[in-house]
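Asker: What follows is entry_34.pdb, made up of PDB, C-alpha atoms:
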```
ATOM      1  CA  MET R   1     -34.435 -20.100   1.948  1.00  0.00           C
ATOM      2  CA  ALA R   2     -36.570 -21.677  -0.791  1.00  0.00           C
ATOM      3  CA  LYS R   3     -33.851 -20.907  -3.295  1.00  0.00           C
ATOM      4  CA  THR R   4     -31.254 -22.505  -1.050  1.00  0.00           C
ATOM      5  CA  ASN R   5     -33.329 -25.687  -0.730  1.00  0.00           C
ATOM      6  CA  LYS R   6     -33.775 -25.863  -4.500  1.00  0.00           C
ATOM      7  CA  GLU R   7     -30.044 -25.405  -5.020  1.00  0.00           C
ATOM      8  CA  SER R   8     -29.329 -28.116  -2.432  1.00  0.00           C
ATOM      9  CA  GLN R   9     -31.734 -30.530  -4.101  1.00  0.00           C
ATOM     10  CA  LYS R  10     -30.234 -29.738  -7.488  1.00  0.00           C
ATOM     11  CA  SER R  11     -26.753 -30.383  -6.098  1.00  0.00           C
ATOM     12  CA  ILE R  12     -27.804 -33.752  -4.653  1.00  0.00           C
ATOM     13  CA  SER R  13     -29.475 -34.622  -7.940  1.00  0.00           C
ATOM     14  CA  ASN R  14     -26.274 -33.834  -9.837  1.00  0.00           C
ATOM     15  CA  ILE R  15     -24.245 -35.991  -7.460  1.00  0.00           C
ATOM     16  CA  LEU R  16     -26.630 -38.920  -7.930  1.00  0.00           C
ATOM     17  CA  GLU R  17     -26.542 -38.508 -11.700  1.00  0.00           C
ATOM     18  CA  LYS R  18     -22.748 -38.497 -11.672  1.00  0.00           C
ATOM     19  CA  SER R  19     -22.804 -41.512  -9.358  1.00  0.00           C
ATOM     20  CA  ASP R  20     -25.027 -43.337 -11.840  1.00  0.00           C
ATOM     21  CA  ILE R  21     -22.692 -42.421 -14.683  1.00  0.00           C
ATOM     22  CA  PHE R  22     -19.645 -43.776 -12.819  1.00  0.00           C
ATOM     23  CA  HIS R  23     -21.614 -46.846 -11.745  1.00  0.00           C
ATOM     24  CA  TYR R  24     -22.562 -47.754 -15.295  1.00  0.00           C
ATOM     25  CA  PHE R  25     -19.093 -46.833 -16.585  1.00  0.00           C
ATOM     26  CA  TYR R  26     -17.261 -49.119 -14.162  1.00  0.00           C
ATOM     27  CA  SER R  27     -19.907 -51.828 -14.538  1.00  0.00           C
ATOM     28  CA  SER R  28     -19.437 -51.752 -18.318  1.00  0.00           C
ATOM     29  CA  ILE R  29     -15.669 -52.049 -17.944  1.00  0.00           C
ATOM     30  CA  GLY R  30     -16.147 -54.975 -15.561  1.00  0.00           C
ATOM     31  CA  LEU R  31     -18.426 -56.762 -18.013  1.00  0.00           C
ATOM     32  CA  ILE R  32     -15.983 -56.177 -20.868  1.00  0.00           C
ATOM     33  CA  ILE R  33     -13.145 -57.617 -18.765  1.00  0.00           C
ATOM     34  CA  ALA R  34     -15.352 -60.595 -17.833  1.00  0.00           C
ATOM     35  CA  VAL R  35     -16.032 -61.325 -21.514  1.00  0.00           C
ATOM     36  CA  GLY R  36     -12.312 -60.976 -22.268  1.00  0.00           C
ATOM     37  CA  LEU R  37     -11.434 -63.448 -19.516  1.00  0.00           C
ATOM     38  CA  ILE R  38     -13.895 -66.053 -20.725  1.00  0.00           C
ATOM     39  CA  LEU R  39     -12.444 -65.700 -24.234  1.00  0.00           C
ATOM     40  CA  VAL R  40      -8.933 -66.248 -22.835  1.00  0.00           C
ATOM     41  CA  PHE R  41     -10.126 -69.397 -21.090  1.00  0.00           C
ATOM     42  CA  ARG R  42     -11.866 -70.607 -24.235  1.00  0.00           C
ATOM     43  CA  LYS R  43      -8.744 -69.972 -26.321  1.00  0.00           C
ATOM     44  CA  ILE R  44      -6.508 -71.951 -23.971  1.00  0.00           C
ATOM     45  CA  ALA R  45      -9.037 -74.735 -23.427  1.00  0.00           C
ATOM     46  CA  GLY R  46      -9.454 -75.185 -27.167  1.00  0.00           C
ATOM     47  CA  ASN R  47      -5.711 -75.507 -27.787  1.00  0.00           C
ATOM     48  CA  LEU R  48      -4.473 -77.782 -25.001  1.00  0.00           C
ATOM     49  CA  THR R  49      -2.954 -80.215 -27.500  1.00  0.00           C
ATOM     50  CA  GLU R  50      -1.721 -77.532 -29.920  1.00  0.00           C
ATOM     51  CA  PRO R  51       2.079 -78.034 -30.362  1.00  0.00           C
ATOM     52  CA  ARG R  52       3.051 -74.421 -29.655  1.00  0.00           C
ATOM     53  CA  LEU R  53       1.150 -74.378 -26.368  1.00  0.00           C
ATOM     54  CA  VAL R  54       2.540 -77.784 -25.403  1.00  0.00           C
ATOM     55  CA  TYR R  55       6.127 -76.658 -26.075  1.00  0.00           C
ATOM     56  CA  PHE R  56       5.563 -73.370 -24.249  1.00  0.00           C
ATOM     57  CA  ASP R  57       4.083 -75.131 -21.225  1.00  0.00           C
ATOM     58  CA  GLU R  58       6.900 -77.644 -21.176  1.00  0.00           C
ATOM     59  CA  GLY R  59       9.503 -74.892 -21.410  1.00  0.00           C
ATOM     60  CA  ILE R  60       8.031 -72.939 -18.474  1.00  0.00           C
ATOM     61  CA  TYR R  61       7.617 -76.145 -16.492  1.00  0.00           C
ATOM     62  CA  GLN R  62      11.239 -77.181 -17.034  1.00  0.00           C
ATOM     63  CA  LEU R  63      12.441 -73.675 -16.154  1.00  0.00           C
ATOM     64  CA  PHE R  64      10.682 -73.791 -12.799  1.00  0.00           C
ATOM     65  CA  ARG R  65      11.923 -77.304 -12.064  1.00  0.00           C
ATOM     66  CA  HIS R  66      15.466 -76.349 -13.072  1.00  0.00           C
ATOM     67  CA  VAL R  67      15.670 -73.652 -10.390  1.00  0.00           C
ATOM     68  CA  ALA R  68      13.771 -75.710  -7.815  1.00  0.00           C
ATOM     69  CA  SER R  69      15.393 -76.402  -4.465  1.00  0.00           C
ATOM     70  CA  SER R  70      14.298 -77.415  -0.979  1.00  0.00           C
ATOM     71  CA  THR R  71      13.978 -73.716  -0.123  1.00  0.00           C
ATOM     72  CA  THR R  72      11.893 -72.760  -3.165  1.00  0.00           C
ATOM     73  CA  ASP R  73       9.726 -75.854  -2.709  1.00  0.00           C
ATOM     74  CA  PHE R  74       9.079 -74.894   0.920  1.00  0.00           C
ATOM     75  CA  ILE R  75       8.093 -71.363  -0.096  1.00  0.00           C
ATOM     76  CA  ALA R  76       5.897 -72.712  -2.886  1.00  0.00           C
ATOM     77  CA  GLU R  77       4.239 -75.229  -0.549  1.00  0.00           C
ATOM     78  CA  THR R  78       3.493 -72.511   1.990  1.00  0.00           C
ATOM     79  CA  THR R  79       2.103 -70.179  -0.664  1.00  0.00           C
ATOM     80  CA  SER R  80       0.119 -72.946  -2.321  1.00  0.00           C
ATOM     81  CA  PHE R  81      -1.542 -73.687   1.016  1.00  0.00           C
ATOM     82  CA  LEU R  82      -3.217 -70.252   0.830  1.00  0.00           C
ATOM     83  CA  GLY R  83      -5.252 -71.551  -2.101  1.00  0.00           C
ATOM     84  CA  SER R  84      -6.172 -74.890  -0.551  1.00  0.00           C
ATOM     85  CA  THR R  85      -9.674 -75.784   0.579  1.00  0.00           C
ATOM     86  CA  ILE R  86      -8.502 -76.576   4.116  1.00  0.00           C
ATOM     87  CA  PHE R  87      -7.222 -73.008   4.430  1.00  0.00           C
ATOM     88  CA  ILE R  88      -9.879 -71.109   2.491  1.00  0.00           C
ATOM     89  CA  ILE R  89     -12.934 -72.726   4.119  1.00  0.00           C
ATOM     90  CA  PRO R  90     -12.010 -71.769   7.726  1.00  0.00           C
ATOM     91  CA  LEU R  91     -11.089 -68.283   6.497  1.00  0.00           C
ATOM     92  CA  LEU R  92     -14.419 -68.129   4.663  1.00  0.00           C
ATOM     93  CA  ILE R  93     -16.280 -69.018   7.875  1.00  0.00           C
ATOM     94  CA  VAL R  94     -14.484 -66.230   9.773  1.00  0.00           C
ATOM     95  CA  ALA R  95     -15.180 -63.737   6.964  1.00  0.00           C
ATOM     96  CA  VAL R  96     -18.867 -64.715   6.806  1.00  0.00           C
ATOM     97  CA  PHE R  97     -19.321 -64.249  10.562  1.00  0.00           C
ATOM     98  CA  PHE R  98     -17.541 -60.891  10.385  1.00  0.00           C
ATOM     99  CA  LEU R  99     -19.711 -59.693   7.504  1.00  0.00           C
ATOM    100  CA  ILE R 100     -22.923 -60.859   9.163  1.00  0.00           C
ATOM    101  CA  LYS R 101     -21.937 -59.180  12.425  1.00  0.00           C
ATOM    102  CA  ASN R 102     -21.421 -55.932  10.495  1.00  0.00           C
ATOM    103  CA  HIS R 103     -24.763 -56.224   8.712  1.00  0.00           C
ATOM    104  CA  PHE R 104     -23.392 -57.402   5.343  1.00  0.00           C
ATOM    105  CA  ARG R 105     -25.481 -60.579   5.282  1.00  0.00           C
ATOM    106  CA  ARG R 106     -26.050 -60.543   1.547  1.00  0.00           C
ATOM    107  CA  GLY R 107     -22.390 -59.933   0.890  1.00  0.00           C
ATOM    108  CA  ALA R 108     -21.553 -62.850   3.197  1.00  0.00           C
ATOM    109  CA  PHE R 109     -23.945 -65.089   1.268  1.00  0.00           C
ATOM    110  CA  ILE R 110     -22.431 -64.162  -2.102  1.00  0.00           C
ATOM    111  CA  LEU R 111     -18.903 -64.733  -0.766  1.00  0.00           C
ATOM    112  CA  ALA R 112     -19.880 -68.190   0.492  1.00  0.00           C
ATOM    113  CA  PHE R 113     -21.786 -69.029  -2.679  1.00  0.00           C
ATOM    114  CA  SER R 114     -19.001 -67.928  -5.026  1.00  0.00           C
ATOM    115  CA  THR R 115     -16.342 -69.820  -3.049  1.00  0.00           C
ATOM    116  CA  ILE R 116     -18.227 -73.112  -2.753  1.00  0.00           C
ATOM    117  CA  SER R 117     -19.569 -73.016  -6.315  1.00  0.00           C
ATOM    118  CA  THR R 118     -16.016 -72.484  -7.601  1.00  0.00           C
ATOM    119  CA  VAL R 119     -14.937 -75.845  -6.176  1.00  0.00           C
ATOM    120  CA  LEU R 120     -17.847 -77.546  -7.937  1.00  0.00           C
ATOM    121  CA  ILE R 121     -17.245 -75.736 -11.230  1.00  0.00           C
ATOM    122  CA  ASN R 122     -13.546 -76.605 -11.157  1.00  0.00           C
ATOM    123  CA  SER R 123     -14.300 -80.261 -10.502  1.00  0.00           C
ATOM    124  CA  ALA R 124     -16.704 -80.299 -13.455  1.00  0.00           C
ATOM    125  CA  LEU R 125     -14.164 -78.627 -15.767  1.00  0.00           C
ATOM    126  CA  LYS R 126     -11.441 -81.108 -14.791  1.00  0.00           C
ATOM    127  CA  SER R 127     -13.801 -83.950 -15.691  1.00  0.00           C
ATOM    128  CA  VAL R 128     -14.528 -82.373 -19.064  1.00  0.00           C
ATOM    129  CA  PHE R 129     -10.957 -81.622 -20.193  1.00  0.00           C
ATOM    130  CA  ILE R 130      -9.212 -84.590 -18.506  1.00  0.00           C
ATOM    131  CA  ARG R 131      -5.700 -83.177 -18.814  1.00  0.00           C
ATOM    132  CA  ASP R 132      -2.988 -85.135 -17.047  1.00  0.00           C
ATOM    133  CA  ARG R 133      -0.644 -83.345 -14.698  1.00  0.00           C
ATOM    134  CA  PRO R 134       3.004 -82.730 -15.639  1.00  0.00           C
ATOM    135  CA  GLU R 135       5.510 -85.570 -15.282  1.00  0.00           C
ATOM    136  CA  LEU R 136       5.549 -87.078 -11.827  1.00  0.00           C
ATOM    137  CA  THR R 137       7.172 -85.080  -9.049  1.00  0.00           C
ATOM    138  CA  ASP R 138       7.518 -85.788  -5.347  1.00  0.00           C
ATOM    139  CA  TYR R 139       3.982 -84.452  -4.934  1.00  0.00           C
ATOM    140  CA  HIS R 140       2.206 -86.756  -7.378  1.00  0.00           C
ATOM    141  CA  LEU R 141       1.012 -89.155  -4.665  1.00  0.00           C
ATOM    142  CA  LEU R 142      -0.896 -86.299  -3.012  1.00  0.00           C
ATOM    143  CA  TRP R 143      -2.469 -84.946  -6.206  1.00  0.00           C
ATOM    144  CA  GLN R 144      -3.865 -87.602  -8.503  1.00  0.00           C
ATOM    145  CA  ASP R 145      -6.731 -85.683 -10.077  1.00  0.00           C
ATOM    146  CA  TYR R 146      -6.549 -83.835 -13.394  1.00  0.00           C
ATOM    147  CA  SER R 147      -4.520 -80.737 -14.122  1.00  0.00           C
ATOM    148  CA  PHE R 148      -6.743 -78.342 -16.090  1.00  0.00           C
ATOM    149  CA  PRO R 149      -7.724 -75.872 -14.782  1.00  0.00           C
ATOM    150  CA  SER R 150      -5.808 -75.468 -11.521  1.00  0.00           C
ATOM    151  CA  GLY R 151      -8.191 -75.844  -8.567  1.00  0.00           C
ATOM    152  CA  HIS R 152      -6.004 -73.964  -6.082  1.00  0.00           C
ATOM    153  CA  THR R 153      -5.583 -71.059  -8.489  1.00  0.00           C
ATOM    154  CA  MET R 154      -9.247 -70.884  -9.411  1.00  0.00           C
ATOM    155  CA  SER R 155     -10.382 -71.009  -5.778  1.00  0.00           C
ATOM    156  CA  ALA R 156      -7.822 -68.390  -4.742  1.00  0.00           C
ATOM    157  CA  THR R 157      -8.817 -66.088  -7.605  1.00  0.00           C
ATOM    158  CA  VAL R 158     -12.522 -66.151  -6.784  1.00  0.00           C
ATOM    159  CA  PHE R 159     -12.251 -66.122  -3.001  1.00  0.00           C
ATOM    160  CA  TYR R 160      -9.599 -63.422  -2.660  1.00  0.00           C
ATOM    161  CA  CYS R 161     -11.116 -61.229  -5.377  1.00  0.00           C
ATOM    162  CA  VAL R 162     -14.616 -61.271  -3.871  1.00  0.00           C
ATOM    163  CA  LEU R 163     -13.297 -61.001  -0.310  1.00  0.00           C
ATOM    164  CA  GLY R 164     -10.948 -58.222  -1.414  1.00  0.00           C
ATOM    165  CA  TYR R 165     -13.832 -56.309  -2.977  1.00  0.00           C
ATOM    166  CA  LEU R 166     -15.840 -56.528   0.245  1.00  0.00           C
ATOM    167  CA  VAL R 167     -12.869 -55.584   2.433  1.00  0.00           C
ATOM    168  CA  VAL R 168     -11.901 -52.630   0.228  1.00  0.00           C
ATOM    169  CA  ASN R 169     -15.468 -51.309   0.264  1.00  0.00           C
ATOM    170  CA  PHE R 170     -15.709 -51.822   4.014  1.00  0.00           C
ATOM    171  CA  GLU R 171     -12.473 -49.880   4.591  1.00  0.00           C
ATOM    172  CA  LYS R 172     -12.716 -46.087   4.673  1.00  0.00           C
ATOM    173  CA  ASN R 173      -9.013 -45.230   4.525  1.00  0.00           C
ATOM    174  CA  PRO R 174      -7.976 -44.661   0.851  1.00  0.00           C
ATOM    175  CA  THR R 175      -4.388 -45.760   1.522  1.00  0.00           C
ATOM    176  CA  LEU R 176      -5.492 -49.009   3.150  1.00  0.00           C
ATOM    177  CA  LYS R 177      -7.836 -49.646   0.229  1.00  0.00           C
ATOM    178  CA  ILE R 178      -4.799 -49.655  -2.082  1.00  0.00           C
ATOM    179  CA  VAL R 179      -2.780 -51.798   0.334  1.00  0.00           C
ATOM    180  CA  TYR R 180      -5.569 -54.375   0.657  1.00  0.00           C
ATOM    181  CA  SER R 181      -6.133 -54.469  -3.115  1.00  0.00           C
ATOM    182  CA  PHE R 182      -2.442 -55.083  -3.759  1.00  0.00           C
ATOM    183  CA  PHE R 183      -2.284 -57.710  -0.998  1.00  0.00           C
ATOM    184  CA  PHE R 184      -5.164 -59.803  -2.341  1.00  0.00           C
ATOM    185  CA  PHE R 185      -3.824 -59.478  -5.894  1.00  0.00           C
ATOM    186  CA  LEU R 186      -0.370 -60.593  -4.754  1.00  0.00           C
ATOM    187  CA  VAL R 187      -1.782 -63.599  -2.885  1.00  0.00           C
ATOM    188  CA  THR R 188      -3.721 -64.724  -5.957  1.00  0.00           C
ATOM    189  CA  ILE R 189      -0.708 -64.449  -8.280  1.00  0.00           C
ATOM    190  CA  SER R 190       1.553 -66.157  -5.740  1.00  0.00           C
ATOM    191  CA  VAL R 191      -0.785 -69.131  -5.372  1.00  0.00           C
ATOM    192  CA  ALA R 192      -0.922 -69.526  -9.150  1.00  0.00           C
ATOM    193  CA  MET R 193       2.857 -69.433  -9.560  1.00  0.00           C
ATOM    194  CA  SER R 194       3.398 -71.795  -6.623  1.00  0.00           C
ATOM    195  CA  ARG R 195       1.412 -74.509  -8.385  1.00  0.00           C
ATOM    196  CA  VAL R 196       3.740 -74.312 -11.390  1.00  0.00           C
ATOM    197  CA  ALA R 197       6.809 -74.080  -9.156  1.00  0.00           C
ATOM    198  CA  LEU R 198       5.823 -77.318  -7.429  1.00  0.00           C
ATOM    199  CA  GLY R 199       5.507 -79.050 -10.782  1.00  0.00           C
ATOM    200  CA  LEU R 200       1.825 -79.785 -10.210  1.00  0.00           C
ATOM    201  CA  HIS R 201       0.475 -77.696 -13.085  1.00  0.00           C
ATOM    202  CA  TYR R 202       1.422 -76.337 -16.464  1.00  0.00           C
ATOM    203  CA  PHE R 203       1.522 -72.572 -16.895  1.00  0.00           C
ATOM    204  CA  SER R 204      -1.597 -72.677 -19.082  1.00  0.00           C
ATOM    205  CA  ASP R 205      -3.438 -74.497 -16.269  1.00  0.00           C
ATOM    206  CA  VAL R 206      -3.026 -71.573 -13.901  1.00  0.00           C
ATOM    207  CA  VAL R 207      -3.598 -68.859 -16.532  1.00  0.00           C
ATOM    208  CA  ALA R 208      -6.845 -70.518 -17.581  1.00  0.00           C
ATOM    209  CA  ALA R 209      -7.836 -70.947 -13.921  1.00  0.00           C
ATOM    210  CA  MET R 210      -7.236 -67.245 -13.253  1.00  0.00           C
ATOM    211  CA  ALA R 211      -9.242 -66.352 -16.353  1.00  0.00           C
ATOM    212  CA  ILE R 212     -12.313 -68.438 -15.544  1.00  0.00           C
ATOM    213  CA  GLY R 213     -11.951 -67.613 -11.842  1.00  0.00           C
ATOM    214  CA  GLY R 214     -11.720 -63.904 -12.635  1.00  0.00           C
ATOM    215  CA  PHE R 215     -14.814 -64.191 -14.816  1.00  0.00           C
ATOM    216  CA  TRP R 216     -16.776 -65.851 -12.021  1.00  0.00           C
ATOM    217  CA  ALA R 217     -15.486 -63.368  -9.422  1.00  0.00           C
ATOM    218  CA  ILE R 218     -16.535 -60.373 -11.522  1.00  0.00           C
ATOM    219  CA  TRP R 219     -20.060 -61.709 -11.942  1.00  0.00           C
ATOM    220  CA  ASN R 220     -20.423 -62.313  -8.215  1.00  0.00           C
ATOM    221  CA  ILE R 221     -19.032 -58.850  -7.445  1.00  0.00           C
ATOM    222  CA  TYR R 222     -21.488 -57.420  -9.957  1.00  0.00           C
ATOM    223  CA  ILE R 223     -24.325 -59.152  -8.077  1.00  0.00           C
ATOM    224  CA  ILE R 224     -23.073 -57.631  -4.808  1.00  0.00           C
ATOM    225  CA  LYS R 225     -23.026 -54.169  -6.420  1.00  0.00           C
ATOM    226  CA  ILE R 226     -26.618 -54.614  -7.635  1.00  0.00           C
ATOM    227  CA  ILE R 227     -27.831 -55.871  -4.257  1.00  0.00           C
ATOM    228  CA  TYR R 228     -26.404 -52.987  -2.245  1.00  0.00           C
ATOM    229  CA  ARG R 229     -27.278 -50.374  -4.845  1.00  0.00           C
ATOM    230  CA  THR R 230     -30.954 -51.370  -4.821  1.00  0.00           C
ATOM    231  CA  LYS R 231     -31.162 -52.176  -1.104  1.00  0.00           C
TER     232      LYS R 231
END
```
Represent the structure of the file as structure tokens.
Answerer:
Amino acid sequence: MAKTNKESQKSISNILEKSDIFHYFYSSIGLIIAVGLILVFRKIAGNLTEPRLVYFDEGIYQLFRHVASSTTDFIAETTSFLGSTIFIIPLLIVAVFFLIKNHFRRGAFILAFSTISTVLINSALKSVFIRDRPELTDYHLLWQDYSFPSGHTMSATVFYCVLGYLVVNFEKNPTLKIVYSFFFFLVTISVAMSRVALGLHYFSDVVAAMAIGGFWAIWNIYIIKIIYRTK
């Protein structure tokens, strides 16, 4: 019996050691990706007036506007709405209540903090870079603030990434984990592309927004991992 207990304890110890190894491995990858994303943002932000980027942005912008129609604009408007504050905030409130009800209070706090802080960070970045939006479209009367980085894209990236992480970890079914991960990823990409499709942002606006948003999301997810690992 004593031998069995020792073997059991040794087995548990091995599992914990392997868990620590995987934890630090995935955490290291996450930090490396976060650094890479901030470098992408820095690269784009430092070359907004560089001719090659300007021509590339203009080419992508014209391509989207060339294929635009009432149908594509309707789809883009609907998709873009998923990244708007008036959609995300009510969804955030529902998610926070759900998480609190299921005893994920700290996770709920981080989700709320990351989402609200993203709006403030985006506003500050727009004021710093002061990049005008693309040539006027039918939507210019609704959106008169600056273009870089895209607020809808940045908010969607942070909110859906952090929410997706919490949902995936809350879900026990491996298949549903994959489905949820793909869903939140698809929503984020769709919001980003919809902003270009509507002619409200250049391609570099949304790429930079996804980069800085991804960076901020990873750090908040990392905080969640630390909190629940040391709880």
Asker: Take the PyMOL selection byres ((chain R and resi 93) around 12), run it mentally on this structure, and tell me the resulting residues as a ChimeraX atom specification.
Answerer: /R:85-92,94-100,108-109,111-113,115-116,159,163
Asker: Using only C-alpha atoms, please write the residues we just selected to a file, as a short mmCIF file (atom, residue, chain, number, x, y, z; two decimals), keeping the file's coordinate frame.
Answerer:
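Contents of the output file selection.cif:
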```cif
data_model
loop_
_atom_site.label_atom_id
_atom_site.label_comp_id
_atom_site.auth_asym_id
_atom_site.auth_seq_id
_atom_site.Cartn_x
_atom_site.Cartn_y
_atom_site.Cartn_z
CA THR R 85 -9.67 -75.78 0.58
CA ILE R 86 -8.50 -76.58 4.12
CA PHE R 87 -7.22 -73.01 4.43
CA ILE R 88 -9.88 -71.11 2.49
CA ILE R 89 -12.93 -72.73 4.12
CA PRO R 90 -12.01 -71.77 7.73
CA LEU R 91 -11.09 -68.28 6.50
CA LEU R 92 -14.42 -68.13 4.66
CA VAL R 94 -14.48 -66.23 9.77
CA ALA R 95 -15.18 -63.74 6.96
CA VAL R 96 -18.87 -64.72 6.81
CA PHE R 97 -19.32 -64.25 10.56
CA PHE R 98 -17.54 -60.89 10.38
CA LEU R 99 -19.71 -59.69 7.50
CA ILE R 100 -22.92 -60.86 9.16
CA ALA R 108 -21.55 -62.85 3.20
CA PHE R 109 -23.94 -65.09 1.27
CA LEU R 111 -18.90 -64.73 -0.77
CA ALA R 112 -19.88 -68.19 0.49
CA PHE R 113 -21.79 -69.03 -2.68
CA THR R 115 -16.34 -69.82 -3.05
CA ILE R 116 -18.23 -73.11 -2.75
CA PHE R 159 -12.25 -66.12 -3.00
CA LEU R 163 -13.30 -61.00 -0.31
#
```
Asker: Quick one: distance from CA of Thr175 in chain R to CA of Ala217 in chain R in Å, one decimal?
Answerer: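 Taking CA of Thr175 in chain R as the start and CA of Ala217 in chain R as the end point, the length is 23.5 Å.
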Asker: With the cut-off set at 12 Å and counting only C-alpha atoms, tabulate each residue of range 27-55 of chain R with an atom at most that distance from an atom of range 187-203 of chain R, showing the nearest atom pair and its distance in Å to one decimal, ordered by chain and increasing number, as JSON lines.
Answerer:
```
{"residue": "R:Ile44", "atom": "CA", "partner": "R:Phe203", "partner_atom": "CA", "distance": 10.7}
{"residue": "R:Leu48", "atom": "CA", "partner": "R:Tyr202", "partner_atom": "CA", "distance": 10.5}
{"residue": "R:Leu53", "atom": "CA", "partner": "R:Phe203", "partner_atom": "CA", "distance": 9.7}
{"residue": "R:Val54", "atom": "CA", "partner": "R:Tyr202", "partner_atom": "CA", "distance": 9.1}
{"residue": "R:Tyr55", "atom": "CA", "partner": "R:Tyr202", "partner_atom": "CA", "distance": 10.7}
```
Asker: In Å, rounded to a single decimal, give me how far CA of Arg106 in chain R is from CA of Glu171 in chain R.
Answerer: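 Taking CA of Glu171 in chain R as the start and CA of Arg106 in chain R as the end point, the length is 17.5 Å.
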Asker: Enter the distance from CA of Gly213 in chain R to CA of Ile130 in chain R, in Å, rounded to one decimal.
Answerer: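 Taking CA of Gly213 in chain R and CA of Ile130 in chain R, their separation equals 18.4 Å.
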Asker: Output the residue selection produced by the PyMOL selection byres ((chain R and resi 164) around 12) on the file above, formatted as a PyMOL selection string.
Answerer: chain R and resi 95+107+111+156-163+165-171+176-188+217-218+221
Asker: Could you give me, as a list in words, the residues that sit within 10 Å of (-10.1, -70.5, -22.4) in the file's coordinates, counting all atoms listed in the file?
Answerer: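 Those residues lying close to the given coordinates are Gly36, Leu37, Ile38, Leu39, Val40, Phe41, Arg42, Lys43, Ile44, Ala45, Gly46, Asn47, Leu48, Pro149, Ser204, Asp205, Val207, Ala208, Ala209, Ala211 and Ile212 of chain R.
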Asker: If the PyMOL selection byres ((chain R and resi 128) around 12) were run on this exact file, what residues would it hold? Put them as number ranges by chain.
Answerer: R: 45-46, 121-127, 129-131, 146-149
Asker: Write the residues of the preceding selection, restricted to C-alpha atoms, as a compact mmCIF listing (two decimals), keeping the file's coordinate frame.
Answerer:
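This is the output file result_27.txt:
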```txt
# COMPACT_ATOMS: atom_id res chain seq x y z
CA ALA R 45 -9.04 -74.74 -23.43
CA GLY R 46 -9.45 -75.18 -27.17
CA ILE R 121 -17.24 -75.74 -11.23
CA ASN R 122 -13.55 -76.60 -11.16
CA SER R 123 -14.30 -80.26 -10.50
CA ALA R 124 -16.70 -80.30 -13.46
CA LEU R 125 -14.16 -78.63 -15.77
CA LYS R 126 -11.44 -81.11 -14.79
CA SER R 127 -13.80 -83.95 -15.69
CA PHE R 129 -10.96 -81.62 -20.19
CA ILE R 130 -9.21 -84.59 -18.51
CA ARG R 131 -5.70 -83.18 -18.81
CA TYR R 146 -6.55 -83.84 -13.39
CA SER R 147 -4.52 -80.74 -14.12
CA PHE R 148 -6.74 -78.34 -16.09
CA PRO R 149 -7.72 -75.87 -14.78
```
Asker: Around all listed atoms of range 193-204 of chain R, padded 4 Å per side, what centre and edge lengths does the axis-aligned box have in Å to one decimal, as JSON?
Answerer:
```
{"center_x": 2.6, "center_y": -74.6, "center_z": -12.9, "size_x": 16.4, "size_y": 18.4, "size_z": 20.5}
```
